[in-house]
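Novice: protein21.txt is the file, holding compact mmCIF, C-alpha atoms:
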# COMPACT_ATOMS: atom_id res chain seq x y z
CA MET F 1 -31.86 8.05 -11.64
CA ALA F 2 -28.56 6.84 -13.02
CA THR F 3 -24.88 6.41 -12.39
CA ARG F 4 -23.16 9.78 -12.13
CA LEU F 5 -19.58 10.47 -13.23
CA TYR F 6 -17.60 13.38 -11.84
CA SER F 7 -14.49 14.61 -13.61
CA HIS F 8 -12.77 17.93 -14.33
CA PRO F 9 -9.96 19.18 -16.61
CA ILE F 10 -8.14 20.59 -13.57
CA TYR F 11 -7.16 17.05 -12.63
CA LEU F 12 -4.89 16.96 -15.69
CA GLU F 13 -3.02 20.00 -14.37
CA HIS F 14 -1.71 18.25 -11.26
CA LEU F 15 1.69 17.63 -12.84
CA THR F 16 4.24 14.97 -11.98
CA PRO F 17 7.78 14.45 -13.33
CA PRO F 18 8.43 12.46 -16.53
CA GLY F 19 8.22 8.75 -15.82
CA HIS F 20 6.14 9.20 -12.67
CA PRO F 21 3.44 6.50 -12.48
CA GLU F 22 0.69 8.82 -11.18
CA ARG F 23 0.39 10.93 -14.31
CA PRO F 24 -2.32 12.86 -16.19
CA ASP F 25 -2.46 10.18 -18.90
CA ARG F 26 -4.24 7.95 -16.39
CA LEU F 27 -7.34 10.14 -16.60
CA ARG F 28 -7.02 10.53 -20.36
CA ALA F 29 -7.12 6.73 -20.67
CA ILE F 30 -10.26 6.63 -18.51
CA GLU F 31 -11.89 9.42 -20.52
CA ARG F 32 -11.25 7.56 -23.79
CA VAL F 33 -12.70 4.26 -22.62
CA LEU F 34 -15.81 5.95 -21.22
CA GLU F 35 -16.48 7.59 -24.59
CA ASP F 36 -17.79 4.24 -25.86
CA GLU F 37 -21.49 4.33 -26.72
CA LYS F 38 -22.30 1.77 -24.01
CA PHE F 39 -21.58 4.54 -21.50
CA ALA F 40 -23.91 7.04 -23.19
CA ALA F 41 -26.33 6.91 -20.25
CA LEU F 42 -23.69 8.07 -17.75
CA ASP F 43 -24.73 11.30 -16.04
CA ARG F 44 -21.53 13.29 -16.60
CA VAL F 45 -21.07 16.25 -14.28
CA LEU F 46 -18.22 18.73 -13.95
CA ALA F 47 -16.73 18.28 -10.49
CA PRO F 48 -17.19 21.25 -8.14
CA GLU F 49 -14.33 22.78 -6.21
CA GLY F 50 -14.52 21.71 -2.60
CA ASP F 51 -14.71 23.80 0.54
CA PRO F 52 -11.26 23.91 2.19
CA ALA F 53 -13.01 23.81 5.56
CA THR F 54 -14.02 20.20 4.91
CA ILE F 55 -10.39 19.06 4.77
CA VAL F 56 -10.20 19.41 8.55
CA TYR F 57 -12.74 16.58 8.82
CA ALA F 58 -9.73 14.29 8.37
CA HIS F 59 -6.62 16.48 8.79
CA PRO F 60 -5.61 19.20 11.26
CA GLN F 61 -5.54 22.78 9.99
CA SER F 62 -1.78 22.97 10.54
CA PHE F 63 -1.30 20.16 8.03
CA VAL F 64 -3.67 21.78 5.52
CA ASP F 65 -1.66 24.99 5.78
CA LYS F 66 1.59 23.07 5.30
CA VAL F 67 0.37 21.46 2.09
CA ARG F 68 -0.92 24.74 0.72
CA ALA F 69 2.37 26.46 1.51
CA ALA F 70 4.23 23.76 -0.43
CA ILE F 71 2.47 24.60 -3.72
CA PRO F 72 5.04 26.24 -6.03
CA GLU F 73 4.40 29.18 -8.35
CA THR F 74 6.24 27.33 -11.12
CA GLY F 75 7.67 23.91 -11.70
CA ILE F 76 7.31 20.84 -9.50
CA GLN F 77 8.01 20.63 -5.77
CA ARG F 78 8.57 17.35 -3.93
CA VAL F 79 6.58 16.69 -0.76
CA ASP F 80 8.38 13.39 -0.24
CA SER F 81 10.38 11.03 -2.44
CA ASP F 82 7.40 10.11 -4.64
CA THR F 83 4.74 12.74 -3.86
CA VAL F 84 4.88 16.06 -5.70
CA VAL F 85 2.92 19.26 -6.17
CA SER F 86 2.76 21.75 -9.03
CA PRO F 87 1.06 25.18 -9.37
CA LYS F 88 -2.44 23.73 -9.95
CA SER F 89 -2.20 20.90 -7.40
CA TRP F 90 -4.09 22.77 -4.68
CA GLN F 91 -7.02 23.43 -6.98
CA ALA F 92 -6.94 19.83 -8.27
CA ALA F 93 -6.93 18.46 -4.72
CA LEU F 94 -9.78 20.75 -3.69
CA THR F 95 -11.79 19.65 -6.72
CA ALA F 96 -11.15 15.98 -5.91
CA ILE F 97 -12.54 16.64 -2.43
CA GLY F 98 -15.43 18.63 -3.87
CA ALA F 99 -16.38 15.79 -6.17
CA ALA F 100 -16.20 13.21 -3.39
CA ASN F 101 -18.42 15.28 -1.13
CA ALA F 102 -20.84 16.08 -3.96
CA ALA F 103 -21.07 12.37 -4.72
CA VAL F 104 -22.08 11.72 -1.12
CA ASP F 105 -24.71 14.46 -1.40
CA ASP F 106 -26.04 12.90 -4.61
CA VAL F 107 -26.62 9.42 -3.19
CA PHE F 108 -28.22 10.75 -0.01
CA SER F 109 -30.51 13.14 -1.88
CA GLY F 110 -31.43 10.57 -4.52
CA LEU F 111 -29.97 12.50 -7.44
CA ALA F 112 -27.96 9.43 -8.38
CA ASP F 113 -28.10 5.71 -7.69
CA ASN F 114 -24.33 5.60 -7.34
CA VAL F 115 -21.34 7.75 -8.36
CA PHE F 116 -17.84 7.24 -9.74
CA VAL F 117 -15.34 10.05 -9.24
CA ALA F 118 -12.47 10.06 -11.75
CA SER F 119 -10.09 12.43 -9.99
CA ARG F 120 -6.49 12.93 -9.00
CA PRO F 121 -4.44 13.25 -6.90
CA PRO F 122 -5.55 10.06 -5.12
CA GLY F 123 -6.01 9.99 -1.36
CA HIS F 124 -5.84 6.75 0.59
CA HIS F 125 -2.17 7.01 1.64
CA ALA F 126 -2.64 10.48 3.16
CA GLU F 127 -2.47 10.11 6.94
CA LYS F 128 -3.75 12.67 9.43
CA THR F 129 -0.56 14.72 9.26
CA THR F 130 1.42 13.17 6.38
CA ALA F 131 1.12 13.48 2.60
CA MET F 132 2.65 10.41 0.96
CA GLY F 133 2.25 7.76 -1.71
CA PHE F 134 1.16 10.26 -4.40
CA CYS F 135 -1.59 11.50 -2.02
CA LEU F 136 -2.09 14.96 -0.48
CA PHE F 137 -5.46 14.71 1.31
CA ASN F 138 -7.56 11.65 2.09
CA ASN F 139 -10.58 12.04 -0.19
CA ALA F 140 -12.39 8.93 1.06
CA ALA F 141 -11.96 9.89 4.72
CA ILE F 142 -13.24 13.42 4.11
CA ALA F 143 -16.23 12.05 2.18
CA ALA F 144 -17.06 9.63 5.00
CA ARG F 145 -16.97 12.44 7.55
CA HIS F 146 -19.08 14.62 5.23
CA ALA F 147 -21.71 11.87 5.14
CA GLN F 148 -21.79 11.88 8.92
CA LYS F 149 -21.81 15.65 9.36
CA ALA F 150 -24.07 16.69 6.49
CA HIS F 151 -26.42 13.71 6.25
CA GLY F 152 -26.47 12.18 9.70
CA ALA F 153 -24.93 8.87 8.66
CA SER F 154 -24.14 6.97 11.81
CA ARG F 155 -22.01 4.27 10.15
CA VAL F 156 -19.90 4.61 7.01
CA ALA F 157 -17.89 1.77 5.45
CA ILE F 158 -14.83 2.35 3.27
CA VAL F 159 -13.79 -0.63 1.16
CA ASP F 160 -10.35 -0.33 -0.40
CA TRP F 161 -9.28 -2.76 -3.12
CA ASP F 162 -6.22 -0.80 -4.25
CA VAL F 163 -3.21 -3.13 -4.35
CA HIS F 164 -1.42 -0.91 -1.83
CA HIS F 165 -2.79 -0.76 1.70
CA GLY F 166 -4.59 2.48 2.56
CA ASN F 167 -2.46 3.32 5.57
CA GLY F 168 -3.84 6.86 5.61
CA THR F 169 -7.47 5.80 5.91
CA GLN F 170 -6.56 3.27 8.58
CA ASP F 171 -4.63 5.94 10.48
CA ILE F 172 -7.48 8.44 10.40
CA PHE F 173 -10.15 6.00 11.62
CA TRP F 174 -8.01 3.73 13.80
CA ASP F 175 -9.95 4.40 16.99
CA ASP F 176 -13.32 5.40 15.48
CA PRO F 177 -15.90 2.58 15.50
CA SER F 178 -18.36 4.70 13.47
CA VAL F 179 -16.28 4.05 10.32
CA LEU F 180 -15.45 0.56 9.08
CA TYR F 181 -12.29 0.27 6.97
CA CYS F 182 -11.82 -2.90 4.93
CA SER F 183 -8.87 -3.50 2.64
CA THR F 184 -7.56 -6.13 0.25
CA HIS F 185 -3.94 -5.44 -0.74
CA GLN F 186 -0.66 -7.11 -1.56
CA MET F 187 1.63 -7.78 1.38
CA PRO F 188 4.54 -7.33 1.61
CA LEU F 189 4.43 -4.13 -0.45
CA TYR F 190 4.43 -0.37 0.04
CA PRO F 191 3.58 1.14 2.51
CA GLY F 192 4.22 -1.86 4.78
CA THR F 193 1.00 -1.69 6.81
CA GLY F 194 -2.16 -3.78 6.63
CA ALA F 195 -1.52 -6.98 8.56
CA LYS F 196 -4.51 -9.00 9.72
CA ASP F 197 -3.79 -8.17 13.36
CA GLU F 198 -4.14 -4.42 12.72
CA THR F 199 -7.75 -4.09 13.85
CA GLY F 200 -8.06 -0.62 15.44
CA ALA F 201 -11.15 -0.39 17.59
CA GLY F 202 -12.48 -3.54 15.96
CA ASN F 203 -13.35 -1.45 12.90
CA ILE F 204 -10.33 -2.30 10.74
CA VAL F 205 -10.50 -5.43 8.58
CA ASN F 206 -7.38 -6.19 6.56
CA ALA F 207 -7.20 -9.03 4.04
CA PRO F 208 -3.57 -9.08 2.87
CA LEU F 209 -2.79 -11.03 -0.30
CA ALA F 210 0.50 -12.73 -1.12
CA PRO F 211 2.37 -11.75 -4.30
CA ARG F 212 1.09 -13.52 -7.44
CA THR F 213 -2.35 -14.01 -5.91
CA GLY F 214 -5.02 -14.46 -8.57
CA SER F 215 -8.78 -14.18 -8.87
CA ASP F 216 -9.78 -17.18 -6.75
CA ILE F 217 -7.89 -16.13 -3.62
CA PHE F 218 -8.90 -12.47 -4.02
CA ARG F 219 -12.57 -13.41 -4.30
CA GLU F 220 -12.31 -15.78 -1.36
CA ALA F 221 -10.76 -13.06 0.81
CA PHE F 222 -13.44 -10.63 -0.28
CA ALA F 223 -16.25 -13.11 0.37
CA THR F 224 -14.97 -14.42 3.72
CA ARG F 225 -13.55 -11.25 5.32
CA ILE F 226 -14.86 -8.09 3.65
CA LEU F 227 -18.48 -8.94 2.92
CA PRO F 228 -19.26 -10.48 6.34
CA ALA F 229 -17.73 -7.42 8.02
CA LEU F 230 -20.04 -5.21 5.99
CA ASP F 231 -23.06 -7.29 6.94
CA ASN F 232 -22.14 -7.11 10.62
CA PHE F 233 -21.56 -3.35 10.43
CA ALA F 234 -24.66 -2.49 8.33
CA PRO F 235 -23.38 0.82 6.96
CA ASP F 236 -25.51 3.78 5.90
CA LEU F 237 -23.08 4.41 3.01
CA ILE F 238 -20.33 2.47 1.26
CA VAL F 239 -17.35 4.37 -0.13
CA ILE F 240 -14.99 2.47 -2.43
CA SER F 241 -11.33 3.41 -2.60
CA ALA F 242 -11.18 2.12 -6.15
CA GLY F 243 -7.59 1.48 -7.10
CA PHE F 244 -7.06 -0.74 -10.12
CA ASP F 245 -3.37 -1.57 -9.63
CA ALA F 246 -4.14 -5.15 -8.57
CA HIS F 247 -4.66 -5.76 -12.31
CA HIS F 248 -2.16 -8.26 -13.70
CA ARG F 249 -0.69 -5.69 -16.10
CA ASP F 250 0.18 -3.15 -13.40
CA PRO F 251 3.91 -2.41 -13.05
CA LEU F 252 3.89 -1.51 -9.32
CA ALA F 253 2.64 -4.79 -7.84
CA GLU F 254 2.28 -8.54 -8.35
CA ILE F 255 -1.41 -9.36 -7.97
CA ASN F 256 -2.98 -11.03 -10.99
CA LEU F 257 -6.55 -9.76 -11.18
CA THR F 258 -8.51 -9.05 -14.35
CA GLU F 259 -11.22 -6.54 -15.09
CA ASP F 260 -13.78 -9.30 -14.43
CA ASP F 261 -12.66 -9.35 -10.80
CA PHE F 262 -13.40 -5.65 -10.40
CA ASP F 263 -16.79 -6.19 -12.08
CA TRP F 264 -17.52 -8.98 -9.57
CA ALA F 265 -16.34 -7.02 -6.52
CA THR F 266 -18.39 -4.02 -7.62
CA GLY F 267 -21.49 -6.17 -7.86
CA GLN F 268 -20.86 -7.60 -4.40
CA LEU F 269 -20.58 -4.14 -2.86
CA MET F 270 -23.68 -2.93 -4.71
CA ALA F 271 -25.61 -5.85 -3.23
CA SER F 272 -24.30 -4.98 0.23
CA ALA F 273 -25.29 -1.35 -0.26
CA ASP F 274 -28.76 -2.49 -1.32
CA ARG F 275 -29.11 -4.59 1.83
CA HIS F 276 -27.93 -1.99 4.31
CA ALA F 277 -27.56 1.50 2.79
CA LYS F 278 -30.53 1.95 0.45
CA GLY F 279 -28.11 1.39 -2.40
CA ARG F 280 -25.92 4.37 -1.48
CA LEU F 281 -22.47 3.77 -2.96
CA VAL F 282 -19.71 6.21 -3.93
CA SER F 283 -16.54 5.13 -5.73
CA LEU F 284 -13.37 7.25 -5.73
CA LEU F 285 -10.42 6.59 -8.04
CA GLU F 286 -7.18 5.68 -6.29
CA GLY F 287 -4.32 3.85 -8.06
CA GLY F 288 -3.87 1.98 -11.33
CA TYR F 289 -0.76 2.66 -13.40
CA ASP F 290 -0.89 0.51 -16.52
CA LEU F 291 -3.07 2.57 -18.84
CA GLN F 292 -4.73 -0.37 -20.57
CA GLY F 293 -5.32 -2.30 -17.35
CA LEU F 294 -6.68 0.85 -15.71
CA ALA F 295 -9.00 1.74 -18.58
CA PHE F 296 -10.43 -1.76 -18.99
CA SER F 297 -10.90 -2.14 -15.23
CA VAL F 298 -12.67 1.22 -14.89
CA ALA F 299 -14.90 0.31 -17.81
CA ALA F 300 -15.87 -2.95 -16.07
CA HIS F 301 -16.42 -1.14 -12.75
CA VAL F 302 -18.54 1.67 -14.18
CA GLY F 303 -20.42 -0.74 -16.44
CA ARG F 304 -21.43 -2.74 -13.37
CA LEU F 305 -22.45 0.40 -11.47
CA MET F 306 -24.72 1.34 -14.40
CA LYS F 307 -26.53 -1.99 -14.27
CA GLY F 308 -28.05 -0.97 -10.95
Could you write out this file's structure as structure tokens?

Specialist:
Amino acid sequence: MATRLYSHPIYLEHLTPPGHPERPDRLRAIERVLEDEKFAALDRVLAPEGDPATIVYAHPQSFVDKVRAAIPETGIQRVDSDTVVSPKSWQAALTAIGAANAAVDDVFSGLADNVFVASRPPGHHAEKTTAMGFCLFNNAAIAARHAQKAHGASRVAIVDWDVHHGNGTQDIFWDDPSVLYCSTHQMPLYPGTGAKDETGAGNIVNAPLAPRTGSDIFREAFATRILPALDNFAPDLIVISAGFDAHHRDPLAEINLTEDDFDWATGQLMASADRHAKGRLVSLLEGGYDLQGLAFSVAAHVGRLMKG
């Protein structure tokens, strides 16, 4: 077995306006860095298109219909002030969901040790009935529900280290103790959620970080809040909402992490998955908007996943 990578050219066809941070070049930067010979052993698989019926695992059908109806025949249509759709966005979003669900299938069936999904649009800001923050559907939430429905997982943990709080994931699982949501994120910052006292049904663990926080405080928060919560919860699967915009180069935030921090955090979550989930770990790309910081961080993350 090996580390599997899902990607697809359709992700490049989800178009955003010039100057928009969530742009196709993000995936091109990831593709280039993963061409290095040290990633030759990656099991590279073309992402499958997802089943639209799985979207309702996390969103009502009325919302799914609303998003689909917003897809334009030409040009770019705004969903909100910073979230847009273009003619291929529906297919890109479906393929992001398809890859996330296939990754879950792979780690439960034993086809892969772990999986990284390099997809867009991202997902963690998508609430039950609201597309926002560059996100249409919540890929991590749908994947968690797929693990429960298709593989009988009783407990799924989602760990989100994107620099922006995953308000959508928190919203979807707020009162569901079968899913643990843990997040490190800058606060204050968009979207304004993620305080420590937001705990849901006891299944929400937020570790907000002050602006200009560096490696030491991030690692302390991870070690003292996130990892103990995982040990107490003992998940059957860990899903990472892997945003890399807490990197010090990123233009949208003020957290000063390096690629070594993402390497370290990946290793910590792999160890937790080994203890509780038979190693089952799926990582889904979220944010990361400086192309160099993103590429180097993904390389560190995937390199650690490959070390098993």

Novice: Given all atoms listed in the file, how would the per-residue table for segment 118-167 of chain F near segment 187-199 of chain F read, listing every residue at most 7 Å away with its closest atom pair and distance in Å to one decimal, sorted by chain and number, as a tab-separated table?

Specialist:
residue	atom	partner	partner_atom	distance
F:His164	CA	F:Tyr190	CA	6.2
F:His165	CA	F:Gly194	CA	5.8
F:Asn167	CA	F:Thr193	CA	6.2

Novice: Which residue is closest to Lys38 of chain F? Choose from F:Leu94, F:Ala223, F:Ala300, F:Ala201 and count all atoms listed in the file.

Specialist: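 Smallest separation from Lys38 of chain F among the options: F:Ala300.
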
Novice: I'd like a table as a tab-separated table: residues in segment 63-149 of chain F with an atom no more than 8 Å from segment 301-308 of chain F, each row giving the shortest atom pair and its distance in Å to one decimal, all atoms listed in the file counted, sorted by chain and rising residue number.

Specialist:
residue	atom	partner	partner_atom	distance
F:Asp113	CA	F:Gly308	CA	7.4
F:Asn114	CA	F:Leu305	CA	6.9
F:Phe116	CA	F:Val302	CA	7.2

Novice: Would you mind exporting the chosen residues as an mmCIF file, keeping the file's coordinate frame, restricted to C-alpha atoms?

Specialist:
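selection-v5.cif was written with the following content:
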data_model
loop_
_atom_site.group_PDB
_atom_site.id
_atom_site.type_symbol
_atom_site.label_atom_id
_atom_site.label_comp_id
_atom_site.auth_asym_id
_atom_site.auth_seq_id
_atom_site.Cartn_x
_atom_site.Cartn_y
_atom_site.Cartn_z
ATOM 1 C CA ASP F 113 -28.100 5.710 -7.690
ATOM 2 C CA ASN F 114 -24.330 5.600 -7.340
ATOM 3 C CA PHE F 116 -17.840 7.240 -9.740
#

Novice: Is there a way to get, as an MDAnalysis selection string, all residues within 8 Å of the point (-7.5, -1.5, -12.8) in file coordinates, counting all atoms listed in the file?

Specialist: chainID F and resid 243:247 250 258:259 262 287:290 293:298

Novice: Given the point (-19.1, 14.7, -17.7) in the file's coordinates, find the residues that have an atom at most 7 Å from it, counting all atoms listed in the file, and give them as a JSON list (two decimals) with C-alpha atoms, keeping the file's coordinate frame.

Specialist:
[["chain", "number", "residue", "atom", "x", "y", "z"],
["F", 5, "LEU", "CA", -19.58, 10.47, -13.23],
["F", 6, "TYR", "CA", -17.60, 13.38, -11.84],
["F", 7, "SER", "CA", -14.49, 14.61, -13.61],
["F", 43, "ASP", "CA", -24.73, 11.30, -16.04],
["F", 44, "ARG", "CA", -21.53, 13.29, -16.60],
["F", 45, "VAL", "CA", -21.07, 16.25, -14.28],
["F", 46, "LEU", "CA", -18.22, 18.73, -13.95]]

Novice: Using all atoms listed in the file for the distances, tell me which of F:Gln148, F:Ser178, F:Ser89, F:Ser62 is nearest to Ser119 of chain F.

Specialist: F:Ser89

Novice: What does the distance between atom CA of Val85 of chain F and atom CA of Leu136 of chain F come to in Å, to one decimal place?

Specialist: 8.7 Å

Novice: Just give me the gap between atom CA of Arg32 of chain F and atom CA of Thr16 of chain F in Å, one decimal is fine.

Specialist: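 Result for atom CA of Arg32 of chain F versus atom CA of Thr16 of chain F: 20.8 Å, one decimal.
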
Novice: Give one line per residue of segment 98-215 of chain F that approaches segment 18-24 of chain F to at most 12 Å, naming the two atoms of the closest pair and their distance in Å to one decimal, counting all atoms listed in the file; sort by chain then ascending residue number and deliver it as a tab-separated table.

Specialist:
residue	atom	partner	partner_atom	distance
F:Ala118	CA	F:Pro24	CA	11.4
F:Ser119	CA	F:Pro24	CA	9.9
F:Arg120	CA	F:Pro24	CA	8.3
F:Pro121	CA	F:Glu22	CA	8.0
F:Pro122	CA	F:Glu22	CA	8.8
F:Gly123	CA	F:Glu22	CA	11.9
F:Gly133	CA	F:Glu22	CA	9.7
F:Phe134	CA	F:Glu22	CA	6.9
F:Cys135	CA	F:Glu22	CA	9.8

Novice: For the residues selected in the previous step, produce a file with C-alpha atoms as a PDB file, in the frame of the given file.

Specialist:
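File produced: out-v4.pdb:
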ATOM      1  CA  ALA F 118     -12.470  10.060 -11.750  1.00  0.00           C
ATOM      2  CA  SER F 119     -10.090  12.430  -9.990  1.00  0.00           C
ATOM      3  CA  ARG F 120      -6.490  12.930  -9.000  1.00  0.00           C
ATOM      4  CA  PRO F 121      -4.440  13.250  -6.900  1.00  0.00           C
ATOM      5  CA  PRO F 122      -5.550  10.060  -5.120  1.00  0.00           C
ATOM      6  CA  GLY F 123      -6.010   9.990  -1.360  1.00  0.00           C
ATOM      7  CA  GLY F 133       2.250   7.760  -1.710  1.00  0.00           C
ATOM      8  CA  PHE F 134       1.160  10.260  -4.400  1.00  0.00           C
ATOM      9  CA  CYS F 135      -1.590  11.500  -2.020  1.00  0.00           C
TER      10      CYS F 135
END

Novice: Could you jot down the atom CA of Lys128 of chain F to atom CA of Ile240 of chain F separation for me, Å, one decimal place?

Specialist: 19.3 Å

Novice: Point out the residue among F:Val239, F:Ile172, F:Leu257, F:Val282 with the least atom-to-atom distance to Leu209 of chain F, counting all atoms listed in the file.

Specialist: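 Closest to Leu209 of chain F of all the choices is F:Leu257.
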
Novice: Residues near segment 99-107 of chain F, anyone? I mean within 8 Å using all atoms listed in the file, not counting same-chain ones fewer than 6 positions away, as a compact mmCIF listing (two decimals) with C-alpha atoms, in the coordinates of the input.

Specialist:
# COMPACT_ATOMS: atom_id res chain seq x y z
CA TYR F 6 -17.60 13.38 -11.84
CA SER F 7 -14.49 14.61 -13.61
CA ALA F 47 -16.73 18.28 -10.49
CA PRO F 48 -17.19 21.25 -8.14
CA GLU F 49 -14.33 22.78 -6.21
CA GLY F 50 -14.52 21.71 -2.60
CA ASP F 113 -28.10 5.71 -7.69
CA ASN F 114 -24.33 5.60 -7.34
CA VAL F 115 -21.34 7.75 -8.36
CA PHE F 116 -17.84 7.24 -9.74
CA VAL F 117 -15.34 10.05 -9.24
CA ASN F 139 -10.58 12.04 -0.19
CA ALA F 140 -12.39 8.93 1.06
CA ILE F 142 -13.24 13.42 4.11
CA ALA F 143 -16.23 12.05 2.18
CA HIS F 146 -19.08 14.62 5.23
CA ALA F 147 -21.71 11.87 5.14
CA HIS F 151 -26.42 13.71 6.25
CA ARG F 280 -25.92 4.37 -1.48
CA LEU F 281 -22.47 3.77 -2.96
CA VAL F 282 -19.71 6.21 -3.93
CA LEU F 284 -13.37 7.25 -5.73

Novice: Kindly provide, as JSON, the centre and edge lengths (Å, one decimal) of an axis-aligned box around all atoms of segment 301-307 of chain F given in the file, with 5 Å on each side.

Specialist:
{"center_x": -21.5, "center_y": -0.5, "center_z": -14.0, "size_x": 20.1, "size_y": 14.4, "size_z": 15.0}

Novice: Pick out the residues sitting within 6 Å of Val156 of chain F, and hand them over as a list in words; count all atoms listed in the file, and ignore anything fewer than 5 positions along from it in its own chain.

Specialist: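 My reading of the contact set: Val179, Pro235, Asp236 and Leu237 of chain F.
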